[in-house]
Structures are given as C-alpha cells and as structure tokens.
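Trainee: Could you have a look at this structure, given as structure tokens, before my questions?
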Amino acid sequence: MGILDGKVAMITGAGQGVGQGIALALAAEGCDVAVLGRTLSKLETTSDLLRARGVKAEAIQCDVTETAAIPDAVEKVVDVFGGLDIQVNNAYFGAYGPLLSMDDRKFQRGFVSGPFAAFAFMKAAHPYLKERRGSIVNVVSSVTVRWDLSTFGAYASAKWALRSLTQAAADEWGRDGIRVNAIAPHALSPGLASWVEANPEEAAEFQKTIPLGYIGDCEEDIGRAVAAIVSPAMRYLTGATVPLDGGQANFD
C-alpha cells in the first residue's frame with residue numbers, strides 16, 4: 001500500500017521534467033493522476049508511464065495562459081476521477097534575459113502562466129479540495145533569493161509572486177482544511193540537462209555550489225519530496241516554501 005492510495009492529483013506541466021517526476025512519484029504511492037499541459041503527445045507518454053505503475057491516469061490538454069478555460073479543465077478532472085485531493089501548479093512559460101531587452105509580452109506571459117494561472121486553478125479547485133481536506137503545491141524557484149538576479153528578473157518576479165500567493169492562500173484556506181505549500185527545486189529537467197551538456201565546465205562549477213554535490217532527479221529527489229509533503233504525515237505543514245535544492249539557497 002502507498003501513502004496516497006485513493007487520492008487524486010492534478011499536475012500542470014506534467015509532460016516532462018519536474019511535473020512528470022512529481023506525477024511518477026505520486027503514482028508510486030498509489031495516487032491517480034490527471035496530467036495537464038500543452039503538448040498532448042508528451043502528456044500521453046506520461047500517462048502511459050503512470051498506468052504502468054497501476055494507477056488511473058488521464059491526459060488533459062490545457063494551455064494555462066488561457067486562464068478563462070482553467071475552471072473547465074478542473075471540472076473535467078473532477079468528472080473523470082470523481083474528486084480532487086492534490087493540486088500541483090508547475091507549468092510556467094516565461095522569459096529570461098536583461099531587463100532592458102525584455103519584451104513586455106514575454107514578461108507578462110511569465111505572470112499569466114505562473115501566478116495568474118495558479119490563482120485560477122486554486123480558486124476553481126477550492127471547493128473540491130475543501131471537501132476532501134486537500135493540498136496544493138506551487139512550484140517556485142530558489143532564483144528568487146539569489147544574490148545576483150541579472151537576466152533572471154522576469155522569472156524571479158513571477159516566481160516570487162507565486163510564493164506570496166502560496167502564503168496568502170495558506171493563511172486564508174487553512175480553516176477550510178486545505179494546506180498550501182511551495183517547493184523551490186533544482187532538478188535535472190530536459191532544459192537544464194541540455195544546458196549541462198552544452199556547458200560542461202560551467203555546469204561543473206555550478207554543481208560545486210550545491211552542498212549535496214549534485215543536481216536533483218525529477219522523480220527521486222523532487223517528486224518523492226512532494227509525495228511526502230502532500231501525505232498525511234505532513235498534515236501540520238502549510239504556508240512553507242521547501243527548498244529542494246541540495247542546500248544551495250538560503251530561504252528565510
């Protein structure tokens with residue numbers, strides 16, 4: 001038996017990387033999973049991996065920047081699975097680069113896909129999470145506490161807003177039995193893996209700044225931590241930002 005037997009999770013950006021790793025880790029603990037994202041083929045791949053672990057999985061194509069359509073996506077998840085216990089807001093489509101060369105629309109897209117989309121998902125999911133005393137996990141970033149934010153301004157701004165939203169929802173919804181936490185992961189996602197391969201010397205120096213000495217695995221290090229956070233064993237944890245970065249960042 002798994003610690004999440006009988007639970008239902010909904011994860012955005014679950015076609016690859018951190019989102020997929022979280023989905024796989026939850027499934028390993030018996031959780032059924034709805035995987036949401038833009039690319040249906042990637043979602044189907046994740047769904048097949050989840051079903052191979054013996055759980056129910058459904059791929060739901062959803063562009064989180066279309067925030068008006070988010071309530072319908074949540075309703076579809078509930079119709080398919082019969083309820084909702086866990087919501088993970090992982091999707092983000094933003095931009096990186098110096099502020100003076102940053103396109104306004106790209107800057108805004110980071111907020112729409114990040115805190116705006118998470119807000120829409122959280123509001124739409126609230127009644128179902130309240131009914132089953134559920135849990136929300138928002139994916140933020142340790143970049144928000146970097147000493148040097150050069151070229152990360154747009155990304156960090158959106159992620160810091162999501163961190164604040166996490167705290168506010170935890171404060172307001174605790175009495176509804178809903179726990180709301182954030183994680184700030186370092187993970188070997190496809191994007192980071194490509195950077196490591198293309199920049200081996202710089203990547204080696206970066207890895208030296210991580211006290212545990214390696215970049216986290218999407219399932220083993222990030223996904224399993226999320227499975228623990230949303231489990232009954234962590235029922236008294238809410239409003240926290242959990243740094244899953246091998247000790248690199250200093251969160252107050």
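If you're wondering about the labels, chains in the structure tokens are A, B, ... by order shown, residues count from 1 in each chain, ligands from 1 in order shown.
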Could you pull out the alpha helix (DSSP H) residues of range 101-226 of chain A, going by DSSP on the backbone, and write them as a PyMOL selection string?
Mentor: chain A and resi 104-111+117-131+153-173+190-198+200-208+224-226
Trainee: Near range 1-10 of chain A, within 7 Å and counting only C-alpha atoms, which residues show up once chain neighbours fewer than 2 positions away are dropped, as number ranges by chain?
Mentor: A: 12, 29-35, 83-88, 231
Trainee: Quick one: residues within 9 Å of Ala158 in chain A, only C-alpha atoms, excluding same-chain residues fewer than 6 positions away - as a PDB file with N, CA, C and O atoms, in the first residue's frame?
Mentor:
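Okay, this is what ended up in result.pdb:
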ATOM      1  N   GLY A  94       7.794  31.483 -19.475  1.00  0.00           N
ATOM      2  CA  GLY A  94       8.252  32.851 -19.304  1.00  0.00           C
ATOM      3  C   GLY A  94       9.446  33.178 -20.153  1.00  0.00           C
ATOM      4  O   GLY A  94       9.629  32.640 -21.239  1.00  0.00           O
ATOM      5  N   PHE A 107       7.499  39.207 -20.643  1.00  0.00           N
ATOM      6  CA  PHE A 107       7.488  39.441 -19.200  1.00  0.00           C
ATOM      7  C   PHE A 107       6.107  39.138 -18.631  1.00  0.00           C
ATOM      8  O   PHE A 107       5.970  38.449 -17.613  1.00  0.00           O
ATOM      9  N   GLN A 108       5.078  39.635 -19.293  1.00  0.00           N
ATOM     10  CA  GLN A 108       3.708  39.427 -18.832  1.00  0.00           C
ATOM     11  C   GLN A 108       3.303  37.963 -18.910  1.00  0.00           C
ATOM     12  O   GLN A 108       2.580  37.455 -18.042  1.00  0.00           O
ATOM     13  N   GLY A 110       5.056  35.383 -18.316  1.00  0.00           N
ATOM     14  CA  GLY A 110       5.526  34.676 -17.134  1.00  0.00           C
ATOM     15  C   GLY A 110       4.558  34.792 -15.976  1.00  0.00           C
ATOM     16  O   GLY A 110       4.357  33.833 -15.215  1.00  0.00           O
ATOM     17  N   PHE A 111       3.942  35.961 -15.819  1.00  0.00           N
ATOM     18  CA  PHE A 111       2.958  36.145 -14.757  1.00  0.00           C
ATOM     19  C   PHE A 111       1.652  35.429 -15.073  1.00  0.00           C
ATOM     20  O   PHE A 111       1.024  34.849 -14.190  1.00  0.00           O
ATOM     21  N   VAL A 112       1.245  35.461 -16.342  1.00  0.00           N
ATOM     22  CA  VAL A 112      -0.005  34.795 -16.719  1.00  0.00           C
ATOM     23  C   VAL A 112       0.112  33.285 -16.529  1.00  0.00           C
ATOM     24  O   VAL A 112      -0.779  32.645 -15.968  1.00  0.00           O
ATOM     25  N   SER A 113       1.218  32.709 -16.979  1.00  0.00           N
ATOM     26  CA  SER A 113       1.386  31.258 -16.876  1.00  0.00           C
ATOM     27  C   SER A 113       1.761  30.815 -15.466  1.00  0.00           C
ATOM     28  O   SER A 113       1.556  29.650 -15.109  1.00  0.00           O
ATOM     29  N   GLY A 114       2.304  31.737 -14.682  1.00  0.00           N
ATOM     30  CA  GLY A 114       2.710  31.417 -13.319  1.00  0.00           C
ATOM     31  C   GLY A 114       1.635  31.750 -12.302  1.00  0.00           C
ATOM     32  O   GLY A 114       0.688  30.988 -12.117  1.00  0.00           O
ATOM     33  N   PRO A 115       1.732  32.890 -11.616  1.00  0.00           N
ATOM     34  CA  PRO A 115       0.779  33.182 -10.542  1.00  0.00           C
ATOM     35  C   PRO A 115      -0.659  33.374 -11.003  1.00  0.00           C
ATOM     36  O   PRO A 115      -1.590  32.984 -10.290  1.00  0.00           O
ATOM     37  N   VAL A 140       7.942  27.064  -7.145  1.00  0.00           N
ATOM     38  CA  VAL A 140       8.602  28.364  -7.264  1.00  0.00           C
ATOM     39  C   VAL A 140      10.067  28.112  -7.599  1.00  0.00           C
ATOM     40  O   VAL A 140      10.386  27.165  -8.314  1.00  0.00           O
TER      41      VAL A 140
END
Trainee: Near range 206-218 of chain A, within 9 Å and counting only C-alpha atoms, which residues show up once chain neighbours fewer than 6 positions away are dropped, as a list in words?
Mentor: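 Counting only the stated atoms, we get Gly17, Val18, Gly19, Gln20, Gly21, Ile22, Pro185, His186, Ala187, Leu188, Ser189, Arg224, Leu244, Asp245, Gly246, Gly247, Gln248 and Ala249 of chain A.
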Trainee: With distances taken over only C-alpha atoms, which residue among A:Pro71, A:Ser157, A:Thr166, A:Val80 lies nearest Lys123 in chain A?
Mentor: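 Selected residue with least distance to Lys123 in chain A: A:Pro71.
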Trainee: Find the distance between CA of Phe152 in chain A and CA of Ala240 in chain A and write it in Å to one decimal.
Mentor: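 If I compute the distance from CA of Phe152 in chain A to CA of Ala240 in chain A, I get 22.8 Å.
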